[in-house]
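*Asks:* Have a look at this one before I ask anything.
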Amino acid sequence: MNVHESEKIAGILMSRGLTECNDGEPDVVVFNTCCIRDNAERKAIGQIGRFKQLKKSNPDAVIAVVGCMTQQDGAGFALRRKFPFIDIVLGTSNIEKIGEYVSDALSSRTCRVEIDDDPRPAIVEGVPYHRSSGCNAWINIMYGCNNFCSYCIVPYVRGRERSRAKEDVLAEFEKALSDGYKEVTLLGQNVNSYGNDRGDGYGFASLLEDLAKYKGDHRIRFMTSHPKDMDDRVIDIIADSPNICNNIHLPLQSGSDRILKLMNRHYTRDDYLAIIEKIRAKMPDCGITTDLMVGFPYEDENDFEDTLDMVRRVEWSNAFTFVYSPRRGTPAATMPQVPAEVSKRRIMKLIAEQNSVTRRLSDAYVGNVYKVLCEDAVDKNGKLTLCGRTESGRMVNFNGDPKLVGSFCDVKVTRSQSASLFGTRI
Ligand code: SF4
């Protein structure tokens, strides 16, 4: 979502005549920050600090900091105090003003700190995007989150759920297709609750149904789903719609019911397993991925074993694994913390367990032919290699003409190496 938001920032600035700076010193630098984890914040602070030098050599340069990090309680002004060379600090719901404020700063050195704390800021439509993700177009269908998982900062910095009007989503989708994008990824913190705030009965399943009606050679993906809101109708529509990818990201977070409760996730491991069963009954080849966290407060060895057990039972094609990171202002930050060395040991074990599942699943791809959307041509040891994903979301490397980037290719997988697949175009 942050990558897509950066596309928005770039679009707004470019609509005002600014261009990308690929070498030399930039006149304008915008940091789009994330505060989902402590590491992301520390990296942002380190990067911002580096630009003190730019300001010294080019005092007219404009430095702006936007995004989640600025939206935390008092963080916007604290940033400005720490780095007085910052010209603009904007909160998450003020981002559309970046063009106006950068222009003001360039022309009259006006500094601004603007953090709006309205939990339901209005959605601004018609903002230009400078898409930079190849043949995939990201489309936000909603903003914010109502779930307040006890470890997560998102509802505090992104506000409550606000869904875009279906007409606006459909119009952006049509435009992306007419611009030649072959894949559209619908974005939301919890796409399954799309429309709940609008109260007109038009939800995520209805949206998927409408999007599936568009004919043509393109694919639709979406992220992220919350297990508590995943309903049968959505599963049926994905299964019945050839242009909606059989690929679902369904974060479990923990395999322990006790920890799931402390996380305020509103489902149990059995609920989760029941959803997986339904998905696999309708789509045996569905690529299912997840997020898993270790070291959440109170997590003991039994809880962790429950998570490992789920890795073996569910057999996710991939899992994004994290060590819990306390976020100021969230309930979990005040709970007793698991020692860092324990979390470290658990994450290593978790990664090893998931890797062995991924390796086994990778082997099952060998010998089969998949329709792959060629996304990029990358230099590997002096040789250009194409890469793209199967419908289930697995990345395949294969040889071919770089002109194929942006088109669908039939690729026979000839070998696998851990999470990587290699094949030949047929
Ligand atoms: S559903 Fe996702 S974004 Fe929302 S609070 Fe939970 S983890 Fe955060």
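In the structure tokens, each chain is lettered A, B, ... as it comes, each chain's residues begin at 1, and ligands are numbered from 1 in order of appearance.
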What residues have any atom no more than 8 Å from ligand 1 when counting only C-alpha atoms and all ligand atoms, and can you list them as a VMD selection string?
*Replies:* chain A and resid 144 to 155 189 to 190 224 226 265
*Asks:* Keeping only C-alpha atoms, take the residues you just selected and write them out as a PDB file, in the first residue's frame.
*Replies:*
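Saved the output as again05.pdb:
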ATOM      1  CA  GLY A 144      -8.161   2.371   7.057  1.00  0.00           C
ATOM      2  CA  CYS A 145      -9.113  -0.483   9.346  1.00  0.00           C
ATOM      3  CA  ASN A 146     -11.645  -1.111  12.115  1.00  0.00           C
ATOM      4  CA  ASN A 147     -10.131  -4.241  13.574  1.00  0.00           C
ATOM      5  CA  PHE A 148      -7.728  -2.982  16.210  1.00  0.00           C
ATOM      6  CA  CYS A 149      -5.622  -6.118  16.408  1.00  0.00           C
ATOM      7  CA  SER A 150      -3.845  -5.532  19.699  1.00  0.00           C
ATOM      8  CA  TYR A 151      -0.349  -5.346  18.143  1.00  0.00           C
ATOM      9  CA  CYS A 152      -1.197  -3.119  15.185  1.00  0.00           C
ATOM     10  CA  ILE A 153      -0.769   0.615  14.752  1.00  0.00           C
ATOM     11  CA  VAL A 154      -2.691   0.846  11.466  1.00  0.00           C
ATOM     12  CA  PRO A 155      -6.146   1.873  12.783  1.00  0.00           C
ATOM     13  CA  GLN A 189      -6.160  -3.446   4.888  1.00  0.00           C
ATOM     14  CA  ASN A 190      -9.113  -5.813   4.983  1.00  0.00           C
ATOM     15  CA  THR A 224      -5.304  -8.416   2.257  1.00  0.00           C
ATOM     16  CA  HIS A 226      -8.969 -11.056   7.202  1.00  0.00           C
ATOM     17  CA  ARG A 265      -8.177 -11.488  15.893  1.00  0.00           C
TER      18      ARG A 265
END
*Asks:* Running DSSP on the backbone, which parts of range 86-281 of chain A land in helix (DSSP H, G or I), as a ChimeraX atom specification?
*Replies:* /A:95-108,154-158,166-178,191-193,204-212,227-229,232-240,257-262,269-281
*Asks:* Output C-alpha atoms for every residue in the selection just made, as a short mmCIF file (atom, residue, chain, number, x, y, z; two decimals), in the first residue's frame.
*Replies:*
data_model
loop_
_atom_site.label_atom_id
_atom_site.label_comp_id
_atom_site.auth_asym_id
_atom_site.auth_seq_id
_atom_site.Cartn_x
_atom_site.Cartn_y
_atom_site.Cartn_z
CA ILE A 95 -1.13 13.57 1.46
CA GLU A 96 -3.08 15.04 -1.46
CA LYS A 97 -1.76 18.48 -0.43
CA ILE A 98 1.83 17.49 -1.18
CA GLY A 99 1.79 19.18 -4.62
CA GLU A 100 0.56 22.52 -3.33
CA TYR A 101 2.92 22.54 -0.35
CA VAL A 102 5.98 21.52 -2.33
CA SER A 103 5.24 24.32 -4.83
CA ASP A 104 4.90 26.81 -1.96
CA ALA A 105 8.14 25.62 -0.39
CA LEU A 106 10.00 25.86 -3.70
CA SER A 107 8.75 29.37 -4.39
CA SER A 108 8.60 30.99 -0.96
CA VAL A 154 -2.69 0.85 11.47
CA PRO A 155 -6.15 1.87 12.78
CA TYR A 156 -4.50 4.66 14.79
CA VAL A 157 -2.52 6.09 11.89
CA ARG A 158 -4.79 5.24 8.95
CA LYS A 166 -17.99 1.19 -6.65
CA GLU A 167 -18.29 3.60 -9.61
CA ASP A 168 -14.86 5.06 -8.75
CA VAL A 169 -13.25 1.63 -8.40
CA LEU A 170 -14.80 0.35 -11.64
CA ALA A 171 -13.75 3.52 -13.50
CA GLU A 172 -10.15 3.16 -12.30
CA PHE A 173 -10.18 -0.53 -13.20
CA GLU A 174 -11.45 0.21 -16.74
CA LYS A 175 -8.81 2.90 -17.16
CA ALA A 176 -6.05 0.52 -16.02
CA LEU A 177 -7.18 -2.06 -18.59
CA SER A 178 -7.43 0.52 -21.36
CA VAL A 191 -10.64 -6.10 1.51
CA ASN A 192 -13.33 -8.52 2.72
CA SER A 193 -15.03 -5.76 4.66
CA PHE A 204 -16.45 -7.21 -1.68
CA ALA A 205 -18.19 -10.20 -3.27
CA SER A 206 -20.37 -7.85 -5.37
CA LEU A 207 -17.32 -5.86 -6.41
CA LEU A 208 -15.43 -9.00 -7.44
CA GLU A 209 -18.48 -10.19 -9.36
CA ASP A 210 -18.67 -6.91 -11.29
CA LEU A 211 -14.93 -6.85 -12.00
CA ALA A 212 -15.03 -10.45 -13.21
CA PRO A 227 -9.99 -14.64 8.10
CA LYS A 228 -12.93 -13.45 10.21
CA ASP A 229 -14.46 -11.75 7.16
CA ASP A 232 -18.18 -18.44 1.07
CA ARG A 233 -19.53 -16.19 -1.66
CA VAL A 234 -16.11 -14.61 -2.19
CA ILE A 235 -14.54 -18.08 -2.43
CA ASP A 236 -17.20 -19.17 -4.96
CA ILE A 237 -16.71 -16.06 -7.11
CA ILE A 238 -12.92 -16.53 -7.21
CA ALA A 239 -13.36 -20.19 -8.12
CA ASP A 240 -15.89 -19.41 -10.87
CA ASP A 257 -6.02 -19.84 20.10
CA ARG A 258 -4.82 -18.26 23.32
CA ILE A 259 -2.54 -15.87 21.43
CA LEU A 260 -5.14 -15.18 18.72
CA LYS A 261 -7.49 -14.05 21.47
CA LEU A 262 -4.84 -11.79 22.99
CA ARG A 269 -7.24 -22.04 14.45
CA ASP A 270 -10.20 -24.32 13.67
CA ASP A 271 -12.06 -21.43 12.03
CA TYR A 272 -8.97 -20.81 9.93
CA LEU A 273 -8.60 -24.47 8.99
CA ALA A 274 -12.28 -24.56 7.97
CA ILE A 275 -11.72 -21.67 5.56
CA ILE A 276 -8.67 -23.42 4.08
CA GLU A 277 -10.74 -26.55 3.60
CA LYS A 278 -13.43 -24.60 1.74
CA ILE A 279 -10.88 -22.86 -0.47
CA ARG A 280 -9.13 -26.11 -1.34
CA ALA A 281 -12.42 -27.91 -2.00
#
*Asks:* Which parts of range 168-398 of chain A does DSSP call strand (DSSP E) when run on the backbone here, written out as a compact mmCIF listing (two decimals) with N, CA and C atoms, in the first residue's frame?
*Replies:*
# COMPACT_ATOMS: atom_id res chain seq x y z
N GLU A 183 -2.54 -6.85 -15.19
CA GLU A 183 -2.90 -7.37 -13.88
C GLU A 183 -3.31 -6.18 -13.00
N VAL A 184 -4.37 -6.37 -12.27
CA VAL A 184 -4.82 -5.33 -11.33
C VAL A 184 -4.86 -5.97 -9.95
N THR A 185 -4.25 -5.32 -8.98
CA THR A 185 -4.31 -5.82 -7.60
C THR A 185 -5.12 -4.84 -6.76
N LEU A 186 -6.22 -5.35 -6.23
CA LEU A 186 -7.10 -4.53 -5.39
C LEU A 186 -6.49 -4.47 -4.00
N LEU A 187 -6.44 -3.28 -3.43
CA LEU A 187 -5.77 -3.11 -2.14
C LEU A 187 -6.70 -2.62 -1.05
N ARG A 219 -5.65 -10.22 -15.40
CA ARG A 219 -5.86 -10.93 -14.13
C ARG A 219 -6.19 -9.95 -13.02
N ILE A 220 -6.90 -10.47 -12.05
CA ILE A 220 -7.22 -9.66 -10.87
C ILE A 220 -6.67 -10.38 -9.64
N ARG A 221 -5.97 -9.63 -8.81
CA ARG A 221 -5.56 -10.16 -7.50
C ARG A 221 -6.07 -9.19 -6.44
N PHE A 222 -5.97 -9.56 -5.20
CA PHE A 222 -6.38 -8.65 -4.13
C PHE A 222 -5.61 -8.99 -2.86
N MET A 223 -5.47 -8.00 -2.01
CA MET A 223 -4.89 -8.20 -0.69
C MET A 223 -5.23 -7.02 0.20
N ASN A 247 -5.50 -17.22 -5.83
CA ASN A 247 -4.37 -16.83 -5.01
C ASN A 247 -4.90 -15.94 -3.87
N ILE A 248 -4.77 -16.44 -2.67
CA ILE A 248 -5.36 -15.71 -1.54
C ILE A 248 -4.31 -15.53 -0.44
N HIS A 249 -4.15 -14.30 -0.02
CA HIS A 249 -3.27 -14.04 1.13
C HIS A 249 -4.16 -13.95 2.37
N GLY A 287 -3.08 -20.86 -4.61
CA GLY A 287 -1.87 -20.49 -3.86
C GLY A 287 -2.32 -19.69 -2.63
N ILE A 288 -2.07 -20.24 -1.47
CA ILE A 288 -2.49 -19.54 -0.24
C ILE A 288 -1.23 -19.14 0.53
N THR A 289 -1.16 -17.86 0.83
CA THR A 289 -0.01 -17.35 1.58
C THR A 289 -0.51 -16.76 2.89
N THR A 290 0.42 -16.48 3.79
CA THR A 290 -0.01 -15.98 5.10
C THR A 290 1.04 -15.08 5.72
N ASP A 291 0.67 -14.46 6.83
CA ASP A 291 1.62 -13.74 7.70
C ASP A 291 1.66 -14.48 9.03
N LEU A 292 2.85 -14.68 9.55
CA LEU A 292 3.00 -15.34 10.86
C LEU A 292 3.91 -14.51 11.74
N MET A 293 3.52 -14.41 12.99
CA MET A 293 4.29 -13.61 13.93
C MET A 293 4.77 -14.50 15.08
N VAL A 294 6.00 -14.28 15.51
CA VAL A 294 6.47 -14.96 16.73
C VAL A 294 6.82 -13.91 17.77
N ASN A 318 3.63 -19.77 0.71
CA ASN A 318 4.66 -18.87 1.22
C ASN A 318 4.13 -18.23 2.50
N ALA A 319 5.02 -17.89 3.40
CA ALA A 319 4.59 -17.21 4.62
C ALA A 319 5.54 -16.05 4.89
N PHE A 320 4.96 -14.91 5.19
CA PHE A 320 5.76 -13.75 5.58
C PHE A 320 5.88 -13.82 7.09
N THR A 321 7.10 -13.99 7.56
CA THR A 321 7.29 -14.26 8.99
C THR A 321 7.92 -13.04 9.67
N PHE A 322 7.44 -12.74 10.85
CA PHE A 322 7.89 -11.55 11.56
C PHE A 322 8.11 -11.86 13.03
N VAL A 323 9.02 -11.08 13.61
CA VAL A 323 9.11 -11.05 15.08
C VAL A 323 8.22 -9.89 15.53
N VAL A 369 2.89 -27.20 -17.00
CA VAL A 369 2.92 -25.96 -17.79
C VAL A 369 1.97 -24.94 -17.13
N TYR A 370 2.46 -23.72 -16.99
CA TYR A 370 1.66 -22.67 -16.35
C TYR A 370 1.61 -21.43 -17.24
N LYS A 371 0.48 -20.73 -17.14
CA LYS A 371 0.38 -19.44 -17.82
C LYS A 371 1.00 -18.40 -16.89
N VAL A 372 2.05 -17.76 -17.36
CA VAL A 372 2.81 -16.85 -16.52
C VAL A 372 2.73 -15.45 -17.10
N LEU A 373 2.46 -14.48 -16.27
CA LEU A 373 2.51 -13.09 -16.74
C LEU A 373 3.94 -12.61 -16.55
N CYS A 374 4.61 -12.36 -17.68
CA CYS A 374 6.02 -11.97 -17.62
C CYS A 374 6.11 -10.53 -17.07
N GLU A 375 6.74 -10.39 -15.91
CA GLU A 375 6.75 -9.09 -15.23
C GLU A 375 8.04 -8.30 -15.43
N ASP A 376 9.13 -9.03 -15.67
CA ASP A 376 10.40 -8.29 -15.71
C ASP A 376 11.47 -9.12 -16.41
N ALA A 377 12.52 -8.43 -16.86
CA ALA A 377 13.71 -9.11 -17.38
C ALA A 377 14.86 -8.66 -16.49
N VAL A 378 15.50 -9.60 -15.81
CA VAL A 378 16.56 -9.21 -14.87
C VAL A 378 17.89 -9.85 -15.25
N ASP A 379 18.94 -9.13 -14.94
CA ASP A 379 20.27 -9.61 -15.27
C ASP A 379 20.71 -10.61 -14.20
N LYS A 380 20.89 -11.88 -14.61
CA LYS A 380 21.38 -12.87 -13.65
C LYS A 380 22.69 -13.42 -14.17
N LYS A 383 23.32 -12.65 -17.75
CA LYS A 383 22.35 -13.17 -18.70
C LYS A 383 20.95 -12.67 -18.35
N LEU A 384 20.24 -12.14 -19.36
CA LEU A 384 18.90 -11.63 -19.07
C LEU A 384 17.93 -12.79 -18.86
N THR A 385 17.26 -12.77 -17.75
CA THR A 385 16.30 -13.82 -17.43
C THR A 385 14.93 -13.18 -17.23
N LEU A 386 13.90 -13.80 -17.81
CA LEU A 386 12.54 -13.28 -17.62
C LEU A 386 11.97 -13.87 -16.33
N CYS A 387 11.10 -13.11 -15.70
CA CYS A 387 10.43 -13.67 -14.54
C CYS A 387 8.98 -13.20 -14.49
N GLY A 388 8.16 -14.06 -13.98
CA GLY A 388 6.74 -13.72 -13.89
C GLY A 388 6.06 -14.71 -12.98
N ARG A 389 4.80 -14.41 -12.67
CA ARG A 389 4.09 -15.27 -11.71
C ARG A 389 3.01 -16.11 -12.36
N MET A 395 6.57 -17.30 -8.41
CA MET A 395 7.48 -16.67 -9.37
C MET A 395 8.23 -17.74 -10.14
N VAL A 396 8.28 -17.58 -11.48
CA VAL A 396 9.00 -18.53 -12.33
C VAL A 396 10.04 -17.75 -13.14
N ASN A 397 11.24 -18.27 -13.22
CA ASN A 397 12.30 -17.68 -14.05
C ASN A 397 12.40 -18.48 -15.33
N PHE A 398 12.51 -17.80 -16.47
CA PHE A 398 12.62 -18.53 -17.74
C PHE A 398 13.34 -17.67 -18.77
*Asks:* Return the single residue from A:Arg327, A:Arg112, A:Lys349, A:Arg313 that is closest to Asn39 in chain A, with distances computed using only C-alpha atoms.
*Replies:*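 Answer, going by the shortest atom-to-atom distance: A:Arg327.
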*Asks:* Which residue, A:Pro119, A:Gly74, A:Gly393, A:Gly180, has the smallest gap to Arg328 in chain A when you use only C-alpha atoms?
*Replies:*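 Answer, going by the shortest atom-to-atom distance: A:Gly74.
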